[in-house]
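Participant: Below is a structure I'd like to ask you about.
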Amino acid sequence: MGAANDTAQNIELAVDMRNISKVYPNGIAANQNVNFSVRKGEIHALIGENGAGKSTLVKMLFGMEQPTAGEILLNGKEVQLASPAQAIEHGIGMVHQHLMLVPSLTVAENMVLGMPPKKGIAIDYQAAVRMTTEIAERYNFKIDAEKRVMDIPVGMKQKIEILKALLRGAEILILDEPTAVLTSNETVELFQQLRNLRDDGFTIIFISHRLNEIKELTDRMTIMRGGRFMGVHNTAAITEQEISRLMVGRDVLLELEKDEADPREVVLSVENVSYTNEWNKLMLDNVSFDVRAGEIVGIAGVEGNGQKELVDILFGLRNAHTGEVKVNNASILGKSQRVIREMGVSLIPEDRMLYGIAASGSITDNILADRYANKEYNVGPFFRAKKIQKDTEQLIKE
């Protein structure tokens with residue numbers, strides 16, 4: 001059932017994007033004649049492979065991009081969304097895949113950023129805390145309004161982004177790949193909160209390519225491929241195999257063929273590691289395990305039970321209070337991150353945008369960041385720019 005059918009049946013639409021095209025100055029067509037309609041009070045999935053045009057489409061709905069052709073209707077009325085501020089005025093909120101919070105500010109300060117309550121000419125911080133606490137309680141979100149954002153986990157940051165949108169009057173919520181960095185427990189909790197919002201009358205656009213999550217959560221879905229509209233379906237009436245075929249244009253094997261592991265020598269040894277945090281809470285208590293070459297080891301547990309602290313110790317970001325950690329039988333405790341990298345240990349952090357890359361730098365800058373001291377990239381005090389560029393291009397190809 002597409003947008004035209006919805007209109008013909010007089011179904012009330014919160015969003016109706018008609019014949020939307022987006023062509024960039026370099027000639028790349030991100031969207032080609034796309035129709036996208038979302039009913040009031042539903043959770044609607046927008047799905048497709050990377051590069052299918054999903055993010056470009058919702059950026060136009062949120063005023064971050066302008067369509068080359070087509071029209072956008074909200075609640076039956078055509079609108080011009082020239083900026084995110086205008087989209088917010090029309091009741092649209094967006095939670096980006098890479099969260100837009102200021103790490104050094106508290107939750108309350110982030111919540112009211114751009115619209116702070118005032119007491120005379122000064123910002124009324126206690127009013128911001130009250131506003132944050134009240135809206136969190138209203139929608140059953142458990143957060144600490146006075147905690148700094150840098151000190152809370154990614155799942156909690158995402159809740160703050162949702163609450164920020166609700167505080168600004170959003171009735172239509174766009175969530176771009178919201179589960180990409182969440183644990184299973186965080187995903188379950190998020191889905192229940194989204195269902196509660198839907199039941200309260202909110203309209204939710206859920207962007208993802210995780211088919212099991214889409215089947216579990218959403219009411220309907222719009223499928224895109226190569227910037228084109230491939231159809232809209234009731235979620236309950238279509239199989240994962242059919243969704244995959246529409247997304248990629250061919251049958252996809254959904255079963256994972258997993259070979260038997262072939263564990264060999266021990267490459268990482270953790271022995272009786274303990275760690276107490278700055279609030280004197282014991283986070284790790286005599287933790288011991290080995291990891292062998294040729295195996296994948298998972299570390300599971302409810303959030304806040306020491307996983308982050310353990311990973312930080314393995315990469316030299318924290319010091320264990322007792323115990324030993326060895327890589328290929330050599331201790332890494334007390335060594336710098338640079339030395340630990342040279343020993344063959346790498347870290348992909350939980351929040352990749354905040355801690356994993358320098359967003360303002362180029363790809364070359366980021367690749368060079370952990371190897372700038374290598375002699376092959378230096379001539380005296382200068383970098384060998386051509387060598388660095390060549391190796392960057394080779395890494396991208398690989």
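Here, A, B, ... name the chains of the structure tokens in the order displayed, residue numbers run from 1 inside each chain, and ligands are numbered from 1 in the same displayed order.
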For the alpha helix (DSSP H) assignment from backbone DSSP, which residues of segment 65-139 of chain A qualify? Please present them as a list in words.
Facilitator: Pro84, Ala85, Gln86, Ala87, Ile88, Glu89, Val107, Ala108, Glu109, Asn110, Met111, Tyr125, Gln126, Ala127, Ala128, Val129, Arg130, Met131, Thr132, Thr133, Glu134, Ile135, Ala136, Glu137 and Arg138 of chain A
Participant: Can you pull out the residues contacting Leu314 of chain A? Cut-off 8 Å, using only C-alpha atoms, and skip same-chain residues under 4 positions away; I want them as a ChimeraX atom specification.
Facilitator: /A:310,325,332
Participant: Could you pull the residues within 9 Å of Lys147 of chain A, counting only C-alpha atoms, minus those fewer than 5 positions along the same chain, as an mmCIF file with N, CA and C atoms, in the first residue's frame?
Facilitator:
```
data_model
loop_
_atom_site.group_PDB
_atom_site.id
_atom_site.type_symbol
_atom_site.label_atom_id
_atom_site.label_comp_id
_atom_site.auth_asym_id
_atom_site.auth_seq_id
_atom_site.Cartn_x
_atom_site.Cartn_y
_atom_site.Cartn_z
ATOM 1 N N LEU A 105 28.933 19.174 29.174
ATOM 2 C CA LEU A 105 27.762 19.732 29.859
ATOM 3 C C LEU A 105 26.966 18.627 30.549
ATOM 4 N N THR A 106 26.141 19.032 31.504
ATOM 5 C CA THR A 106 25.279 18.063 32.172
ATOM 6 C C THR A 106 24.106 17.701 31.266
ATOM 7 N N VAL A 107 23.366 16.677 31.682
ATOM 8 C CA VAL A 107 22.182 16.269 30.935
ATOM 9 C C VAL A 107 21.207 17.436 30.826
ATOM 10 N N ALA A 108 20.944 18.129 31.948
ATOM 11 C CA ALA A 108 20.003 19.245 31.947
ATOM 12 C C ALA A 108 20.470 20.369 31.033
ATOM 13 N N ILE A 152 28.143 9.209 31.063
ATOM 14 C CA ILE A 152 27.019 8.284 30.962
ATOM 15 C C ILE A 152 27.171 7.411 29.710
#
```
Participant: Out of A:Ile162, A:Ile238, A:Val287, A:Met230, which residue has the shortest atom-to-atom distance to Lys215 of chain A when counting only C-alpha atoms?
Facilitator: A:Ile238
Participant: Tell me, counting only C-alpha atoms, for each residue of segment 44-115 of chain A within 7 Å of segment 12-30 of chain A, which pair of atoms is nearest and how far apart they are in Å to one decimal, in rows ordered by chain and increasing number, as JSON lines.
Facilitator:
```
{"residue": "A:Gly53", "atom": "CA", "partner": "A:Ala30", "partner_atom": "CA", "distance": 5.4}
{"residue": "A:Thr56", "atom": "CA", "partner": "A:Ala30", "partner_atom": "CA", "distance": 6.8}
{"residue": "A:Pro67", "atom": "CA", "partner": "A:Lys22", "partner_atom": "CA", "distance": 5.1}
{"residue": "A:Thr68", "atom": "CA", "partner": "A:Lys22", "partner_atom": "CA", "distance": 4.8}
{"residue": "A:Ala69", "atom": "CA", "partner": "A:Ser21", "partner_atom": "CA", "distance": 5.1}
{"residue": "A:Gly70", "atom": "CA", "partner": "A:Ile20", "partner_atom": "CA", "distance": 4.3}
{"residue": "A:Glu71", "atom": "CA", "partner": "A:Arg18", "partner_atom": "CA", "distance": 5.4}
{"residue": "A:Ile72", "atom": "CA", "partner": "A:Met17", "partner_atom": "CA", "distance": 4.5}
{"residue": "A:Leu73", "atom": "CA", "partner": "A:Asp16", "partner_atom": "CA", "distance": 5.0}
{"residue": "A:Leu74", "atom": "CA", "partner": "A:Val15", "partner_atom": "CA", "distance": 4.9}
{"residue": "A:Asn75", "atom": "CA", "partner": "A:Ala14", "partner_atom": "CA", "distance": 4.6}
{"residue": "A:Gly76", "atom": "CA", "partner": "A:Leu13", "partner_atom": "CA", "distance": 6.8}
```
Participant: Could those selected residues go to a file with C-alpha atoms, as a compact mmCIF listing (two decimals), in the first residue's frame?
Facilitator:
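result_26.txt was written with the following content:
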```txt
# COMPACT_ATOMS: atom_id res chain seq x y z
CA GLY A 53 19.19 7.12 0.14
CA THR A 56 19.26 11.87 2.57
CA PRO A 67 14.91 18.50 -2.41
CA THR A 68 15.65 19.09 -6.07
CA ALA A 69 12.05 18.18 -6.89
CA GLY A 70 8.89 17.03 -5.12
CA GLU A 71 6.77 18.23 -2.24
CA ILE A 72 6.48 17.58 1.50
CA LEU A 73 3.17 17.57 3.36
CA LEU A 74 2.81 17.42 7.14
CA ASN A 75 -0.63 16.58 8.47
CA GLY A 76 -2.05 17.24 5.00
```
Participant: Compile the contact shell of segment 346-349 of chain A as a list in words: residues with an atom at most 10 Å away, counting only C-alpha atoms, same-chain residues fewer than 4 positions apart removed.
Facilitator: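 Near segment 346-349 of chain A, the qualifying residues are Lys308, Val311, Asp312, Leu314, Phe315, Gln337, Arg338, Ile340, Arg341, Glu342, Met353, Leu354, Tyr355, Gly356 and Ile357 of chain A.
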Participant: Can you spit out the residues from that selection as a PDB file, in the first residue's frame, using N, CA and C atoms?
Facilitator:
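What landed in part-v9.pdb:
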```pdb
ATOM      1  N   LYS A 308      33.364  -1.772  30.578  1.00  0.00           N
ATOM      2  CA  LYS A 308      34.096  -0.606  30.060  1.00  0.00           C
ATOM      3  C   LYS A 308      35.444  -0.472  30.768  1.00  0.00           C
ATOM      4  N   VAL A 311      37.919  -3.063  29.422  1.00  0.00           N
ATOM      5  CA  VAL A 311      38.444  -2.703  28.105  1.00  0.00           C
ATOM      6  C   VAL A 311      39.457  -1.565  28.225  1.00  0.00           C
ATOM      7  N   ASP A 312      39.147  -0.566  29.058  1.00  0.00           N
ATOM      8  CA  ASP A 312      40.072   0.561  29.248  1.00  0.00           C
ATOM      9  C   ASP A 312      41.422   0.081  29.793  1.00  0.00           C
ATOM     10  N   LEU A 314      42.709  -2.925  29.351  1.00  0.00           N
ATOM     11  CA  LEU A 314      43.394  -3.687  28.297  1.00  0.00           C
ATOM     12  C   LEU A 314      44.091  -2.780  27.295  1.00  0.00           C
ATOM     13  N   PHE A 315      43.618  -1.529  27.165  1.00  0.00           N
ATOM     14  CA  PHE A 315      44.225  -0.617  26.200  1.00  0.00           C
ATOM     15  C   PHE A 315      45.025   0.501  26.873  1.00  0.00           C
ATOM     16  N   GLN A 337      49.518   3.910  25.462  1.00  0.00           N
ATOM     17  CA  GLN A 337      48.670   3.359  24.406  1.00  0.00           C
ATOM     18  C   GLN A 337      49.466   3.148  23.111  1.00  0.00           C
ATOM     19  N   ARG A 338      50.409   4.021  22.850  1.00  0.00           N
ATOM     20  CA  ARG A 338      51.226   3.866  21.649  1.00  0.00           C
ATOM     21  C   ARG A 338      52.025   2.561  21.699  1.00  0.00           C
ATOM     22  N   ILE A 340      51.274  -0.076  23.506  1.00  0.00           N
ATOM     23  CA  ILE A 340      50.315  -1.184  23.473  1.00  0.00           C
ATOM     24  C   ILE A 340      49.855  -1.438  22.037  1.00  0.00           C
ATOM     25  N   ARG A 341      49.647  -0.361  21.254  1.00  0.00           N
ATOM     26  CA  ARG A 341      49.301  -0.539  19.835  1.00  0.00           C
ATOM     27  C   ARG A 341      50.414  -1.265  19.100  1.00  0.00           C
ATOM     28  N   GLU A 342      51.653  -0.871  19.396  1.00  0.00           N
ATOM     29  CA  GLU A 342      52.796  -1.512  18.737  1.00  0.00           C
ATOM     30  C   GLU A 342      52.906  -2.989  19.116  1.00  0.00           C
ATOM     31  N   MET A 353      32.350   8.066  17.220  1.00  0.00           N
ATOM     32  CA  MET A 353      32.463   9.449  16.762  1.00  0.00           C
ATOM     33  C   MET A 353      33.180  10.331  17.780  1.00  0.00           C
ATOM     34  N   LEU A 354      32.931  10.078  19.070  1.00  0.00           N
ATOM     35  CA  LEU A 354      33.524  10.924  20.108  1.00  0.00           C
ATOM     36  C   LEU A 354      34.966  10.534  20.402  1.00  0.00           C
ATOM     37  N   TYR A 355      35.230   9.229  20.511  1.00  0.00           N
ATOM     38  CA  TYR A 355      36.544   8.770  20.956  1.00  0.00           C
ATOM     39  C   TYR A 355      37.364   8.076  19.870  1.00  0.00           C
ATOM     40  N   GLY A 356      36.718   7.663  18.777  1.00  0.00           N
ATOM     41  CA  GLY A 356      37.418   6.846  17.800  1.00  0.00           C
ATOM     42  C   GLY A 356      38.031   7.595  16.647  1.00  0.00           C
ATOM     43  N   ILE A 357      37.499   8.776  16.333  1.00  0.00           N
ATOM     44  CA  ILE A 357      38.022   9.547  15.208  1.00  0.00           C
ATOM     45  C   ILE A 357      38.100  11.024  15.557  1.00  0.00           C
TER      46      ILE A 357
END
```
Participant: Please extract the residues of segment 36-206 of chain A with a backbone DSSP assignment of strand (DSSP E or B) and present them as a PDB file with N, CA and C atoms, in the first residue's frame.
Facilitator:
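Done, and the output landed in states.pdb:
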```pdb
ATOM      1  N   PHE A  36       7.088   8.679   0.082  1.00  0.00           N
ATOM      2  CA  PHE A  36       7.262   8.180   1.450  1.00  0.00           C
ATOM      3  C   PHE A  36       6.157   8.763   2.315  1.00  0.00           C
ATOM      4  N   SER A  37       5.272   7.894   2.799  1.00  0.00           N
ATOM      5  CA  SER A  37       4.161   8.361   3.632  1.00  0.00           C
ATOM      6  C   SER A  37       4.150   7.601   4.950  1.00  0.00           C
ATOM      7  N   VAL A  38       3.868   8.327   6.018  1.00  0.00           N
ATOM      8  CA  VAL A  38       3.831   7.753   7.362  1.00  0.00           C
ATOM      9  C   VAL A  38       2.518   8.155   8.023  1.00  0.00           C
ATOM     10  N   ARG A  39       1.789   7.162   8.505  1.00  0.00           N
ATOM     11  CA  ARG A  39       0.516   7.431   9.158  1.00  0.00           C
ATOM     12  C   ARG A  39       0.712   7.965  10.567  1.00  0.00           C
ATOM     13  N   ILE A  43       4.718   3.280  14.059  1.00  0.00           N
ATOM     14  CA  ILE A  43       6.173   3.165  13.955  1.00  0.00           C
ATOM     15  C   ILE A  43       6.457   2.620  12.564  1.00  0.00           C
ATOM     16  N   HIS A  44       7.119   3.432  11.755  1.00  0.00           N
ATOM     17  CA  HIS A  44       7.306   3.132  10.340  1.00  0.00           C
ATOM     18  C   HIS A  44       8.799   2.982  10.062  1.00  0.00           C
ATOM     19  N   ALA A  45       9.188   1.839   9.533  1.00  0.00           N
ATOM     20  CA  ALA A  45      10.598   1.587   9.213  1.00  0.00           C
ATOM     21  C   ALA A  45      10.930   2.137   7.834  1.00  0.00           C
ATOM     22  N   LEU A  46      12.098   2.753   7.727  1.00  0.00           N
ATOM     23  CA  LEU A  46      12.666   3.162   6.437  1.00  0.00           C
ATOM     24  C   LEU A  46      13.945   2.357   6.286  1.00  0.00           C
ATOM     25  N   ILE A  47      13.945   1.437   5.317  1.00  0.00           N
ATOM     26  CA  ILE A  47      15.044   0.480   5.270  1.00  0.00           C
ATOM     27  C   ILE A  47      15.674   0.417   3.881  1.00  0.00           C
ATOM     28  N   ALA A  69      13.417  18.203  -6.371  1.00  0.00           N
ATOM     29  CA  ALA A  69      12.046  18.181  -6.894  1.00  0.00           C
ATOM     30  C   ALA A  69      11.163  17.457  -5.890  1.00  0.00           C
ATOM     31  N   GLY A  70       9.848  17.700  -5.991  1.00  0.00           N
ATOM     32  CA  GLY A  70       8.890  17.033  -5.118  1.00  0.00           C
ATOM     33  C   GLY A  70       8.329  17.968  -4.069  1.00  0.00           C
ATOM     34  N   GLU A  71       7.404  17.428  -3.270  1.00  0.00           N
ATOM     35  CA  GLU A  71       6.765  18.232  -2.240  1.00  0.00           C
ATOM     36  C   GLU A  71       6.644  17.441  -0.946  1.00  0.00           C
ATOM     37  N   ILE A  72       6.590  18.175   0.172  1.00  0.00           N
ATOM     38  CA  ILE A  72       6.484  17.581   1.501  1.00  0.00           C
ATOM     39  C   ILE A  72       5.227  18.115   2.163  1.00  0.00           C
ATOM     40  N   LEU A  73       4.378  17.204   2.636  1.00  0.00           N
ATOM     41  CA  LEU A  73       3.170  17.572   3.361  1.00  0.00           C
ATOM     42  C   LEU A  73       3.256  17.012   4.772  1.00  0.00           C
ATOM     43  N   LEU A  74       2.915  17.839   5.751  1.00  0.00           N
ATOM     44  CA  LEU A  74       2.813  17.418   7.142  1.00  0.00           C
ATOM     45  C   LEU A  74       1.374  17.609   7.588  1.00  0.00           C
ATOM     46  N   LYS A  77      -0.812  19.341   4.982  1.00  0.00           N
ATOM     47  CA  LYS A  77      -0.506  20.689   4.499  1.00  0.00           C
ATOM     48  C   LYS A  77       0.916  20.732   3.946  1.00  0.00           C
ATOM     49  N   GLU A  78       1.083  21.308   2.750  1.00  0.00           N
ATOM     50  CA  GLU A  78       2.406  21.424   2.161  1.00  0.00           C
ATOM     51  C   GLU A  78       3.250  22.401   2.968  1.00  0.00           C
ATOM     52  N   VAL A  79       4.501  22.035   3.203  1.00  0.00           N
ATOM     53  CA  VAL A  79       5.404  22.882   3.989  1.00  0.00           C
ATOM     54  C   VAL A  79       6.730  23.013   3.265  1.00  0.00           C
ATOM     55  N   ILE A  92       8.780  18.236  14.238  1.00  0.00           N
ATOM     56  CA  ILE A  92       9.644  17.111  13.858  1.00  0.00           C
ATOM     57  C   ILE A  92      10.894  17.131  14.739  1.00  0.00           C
ATOM     58  N   GLY A  93      11.261  15.972  15.258  1.00  0.00           N
ATOM     59  CA  GLY A  93      12.499  15.821  16.020  1.00  0.00           C
ATOM     60  C   GLY A  93      13.321  14.700  15.420  1.00  0.00           C
ATOM     61  N   MET A  94      14.632  14.836  15.458  1.00  0.00           N
ATOM     62  CA  MET A  94      15.495  13.813  14.867  1.00  0.00           C
ATOM     63  C   MET A  94      16.593  13.407  15.837  1.00  0.00           C
ATOM     64  N   VAL A  95      16.755  12.099  16.009  1.00  0.00           N
ATOM     65  CA  VAL A  95      17.861  11.544  16.783  1.00  0.00           C
ATOM     66  C   VAL A  95      18.840  10.963  15.775  1.00  0.00           C
ATOM     67  N   THR A 106      26.141  19.032  31.504  1.00  0.00           N
ATOM     68  CA  THR A 106      25.279  18.063  32.172  1.00  0.00           C
ATOM     69  C   THR A 106      24.106  17.701  31.266  1.00  0.00           C
ATOM     70  N   LYS A 118      15.521  31.301  32.018  1.00  0.00           N
ATOM     71  CA  LYS A 118      16.280  32.432  32.562  1.00  0.00           C
ATOM     72  C   LYS A 118      15.726  32.868  33.917  1.00  0.00           C
ATOM     73  N   LYS A 119      16.613  33.368  34.749  1.00  0.00           N
ATOM     74  CA  LYS A 119      16.249  34.059  35.988  1.00  0.00           C
ATOM     75  C   LYS A 119      16.930  35.416  35.903  1.00  0.00           C
ATOM     76  N   ALA A 122      20.419  35.766  33.895  1.00  0.00           N
ATOM     77  CA  ALA A 122      21.217  34.556  34.068  1.00  0.00           C
ATOM     78  C   ALA A 122      20.400  33.311  33.704  1.00  0.00           C
ATOM     79  N   ILE A 123      21.116  32.253  33.338  1.00  0.00           N
ATOM     80  CA  ILE A 123      20.464  30.975  33.078  1.00  0.00           C
ATOM     81  C   ILE A 123      20.049  30.337  34.401  1.00  0.00           C
ATOM     82  N   ARG A 148      27.129  14.649  34.077  1.00  0.00           N
ATOM     83  CA  ARG A 148      27.754  15.104  32.833  1.00  0.00           C
ATOM     84  C   ARG A 148      27.584  14.046  31.750  1.00  0.00           C
ATOM     85  N   ILE A 172       6.557  14.073  15.640  1.00  0.00           N
ATOM     86  CA  ILE A 172       7.114  13.118  14.678  1.00  0.00           C
ATOM     87  C   ILE A 172       8.582  12.935  15.039  1.00  0.00           C
ATOM     88  N   LEU A 173       8.975  11.711  15.365  1.00  0.00           N
ATOM     89  CA  LEU A 173      10.348  11.413  15.757  1.00  0.00           C
ATOM     90  C   LEU A 173      11.038  10.590  14.677  1.00  0.00           C
ATOM     91  N   ILE A 174      12.208  11.042  14.257  1.00  0.00           N
ATOM     92  CA  ILE A 174      13.039  10.307  13.304  1.00  0.00           C
ATOM     93  C   ILE A 174      14.224   9.736  14.072  1.00  0.00           C
ATOM     94  N   LEU A 175      14.421   8.430  14.005  1.00  0.00           N
ATOM     95  CA  LEU A 175      15.563   7.792  14.661  1.00  0.00           C
ATOM     96  C   LEU A 175      16.416   7.102  13.597  1.00  0.00           C
ATOM     97  N   ASP A 176      17.643   7.600  13.423  1.00  0.00           N
ATOM     98  CA  ASP A 176      18.543   7.099  12.388  1.00  0.00           C
ATOM     99  C   ASP A 176      19.488   6.063  12.986  1.00  0.00           C
ATOM    100  N   THR A 203       4.294   9.780  16.226  1.00  0.00           N
ATOM    101  CA  THR A 203       4.625   9.106  14.974  1.00  0.00           C
ATOM    102  C   THR A 203       6.135   8.912  14.937  1.00  0.00           C
ATOM    103  N   ILE A 204       6.590   7.690  14.655  1.00  0.00           N
ATOM    104  CA  ILE A 204       8.013   7.387  14.739  1.00  0.00           C
ATOM    105  C   ILE A 204       8.508   6.796  13.422  1.00  0.00           C
ATOM    106  N   ILE A 205       9.567   7.386  12.889  1.00  0.00           N
ATOM    107  CA  ILE A 205      10.253   6.878  11.700  1.00  0.00           C
ATOM    108  C   ILE A 205      11.542   6.226  12.166  1.00  0.00           C
ATOM    109  N   PHE A 206      11.671   4.934  11.893  1.00  0.00           N
ATOM    110  CA  PHE A 206      12.759   4.116  12.430  1.00  0.00           C
ATOM    111  C   PHE A 206      13.626   3.635  11.266  1.00  0.00           C
TER     112      PHE A 206
END
```
Participant: One number please: atom CA of Asn328 of chain A to atom CA of Val291 of chain A, in Å, one decimal.
Facilitator: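 Pair atom CA of Asn328 of chain A / atom CA of Val291 of chain A returns 10.3 Å.
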Participant: Out of A:Lys281, A:Arg292, A:Lys59, A:Arg225, which residue has the shortest atom-to-atom distance to Gly249 of chain A when counting only C-alpha atoms?
Facilitator: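 Among A:Lys281, A:Arg292, A:Lys59, A:Arg225, it is A:Arg225 that comes nearest to Gly249 of chain A.
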Participant: Which one is closest to Met111 of chain A: A:Leu282, A:Ala293, A:Leu190, A:Ala165? Count only C-alpha atoms.
Facilitator: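 Of the candidates, the smallest distance to Met111 of chain A is held by A:Ala165.
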Participant: Just want the 12 Å neighbourhood of Leu246 of chain A, counted on only C-alpha atoms, with same-chain residues fewer than 4 positions away dropped. Output as a list in words.
Facilitator: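 These residues fall inside the cut-off: Ile47, Gly48, Glu49, Ala52, Met221, Thr222, Ile223, Met224, Arg225, Gly226, Arg228, Phe229, Met230, Gly231, Val232, His233, Ile238, Thr239, Glu240, Gln241, Glu242, Arg250, Asp251 and Val252 of chain A.
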Participant: Considering only C-alpha atoms, can you say which of A:His90, A:Ser184, A:Pro153, A:Asn305 comes closest to Gly169 of chain A?
Facilitator: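 Of all the options, A:His90 lies closest to Gly169 of chain A.
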Participant: Interatomic distance between atom CA of Asp151 of chain A and atom CA of Ala170 of chain A?
Facilitator: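 For atom CA of Asp151 of chain A relative to atom CA of Ala170 of chain A, the distance reads 26.7 Å.
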Participant: Segment 186-223 of chain A near segment 135-145 of chain A within 9 Å: what's each residue's closest atom pair and its distance in Å to one decimal, counting only C-alpha atoms, ordered by chain then ascending residue number, as a Markdown table?
Facilitator:
```
| residue | atom | partner | partner_atom | distance |
| --- | --- | --- | --- | --- |
| A:Gln193 | CA | A:Asn140 | CA | 7.8 |
| A:Asn196 | CA | A:Tyr139 | CA | 8.1 |
| A:Leu197 | CA | A:Tyr139 | CA | 7.7 |
```
Participant: Restricting it to N, CA and C atoms, dump the selection as a short mmCIF file (atom, residue, chain, number, x, y, z; two decimals), in the first residue's frame.
Facilitator:
```cif
data_model
loop_
_atom_site.label_atom_id
_atom_site.label_comp_id
_atom_site.auth_asym_id
_atom_site.auth_seq_id
_atom_site.Cartn_x
_atom_site.Cartn_y
_atom_site.Cartn_z
N GLN A 193 10.06 1.77 25.11
CA GLN A 193 9.78 3.21 25.22
C GLN A 193 9.21 3.76 23.92
N ASN A 196 5.59 2.79 23.78
CA ASN A 196 4.82 3.65 24.67
C ASN A 196 4.53 5.00 24.03
N LEU A 197 5.56 5.56 23.34
CA LEU A 197 5.36 6.84 22.66
C LEU A 197 4.34 6.71 21.54
#
```
Participant: Please compute the atom CA of Ser208 of chain A-atom CA of Ala237 of chain A distance, one decimal, in Å.
Facilitator: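 For atom CA of Ser208 of chain A relative to atom CA of Ala237 of chain A, the distance reads 18.4 Å.
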Participant: Smallest atom-to-atom distance to Asn35 of chain A: which of A:Met156, A:Arg195, A:Leu57, A:Asp259, using only C-alpha atoms?
Facilitator: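 Of A:Met156, A:Arg195, A:Leu57, A:Asp259, the one nearest Asn35 of chain A is A:Leu57, counting only C-alpha atoms.
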Participant: Of the candidates A:Met131, A:Gly120, A:Ser244, A:Leu101, which shows the shortest atom-to-atom distance to Lys159 of chain A, using only C-alpha atoms?
Facilitator: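 That would be A:Leu101, the residue with the smallest distance to Lys159 of chain A.
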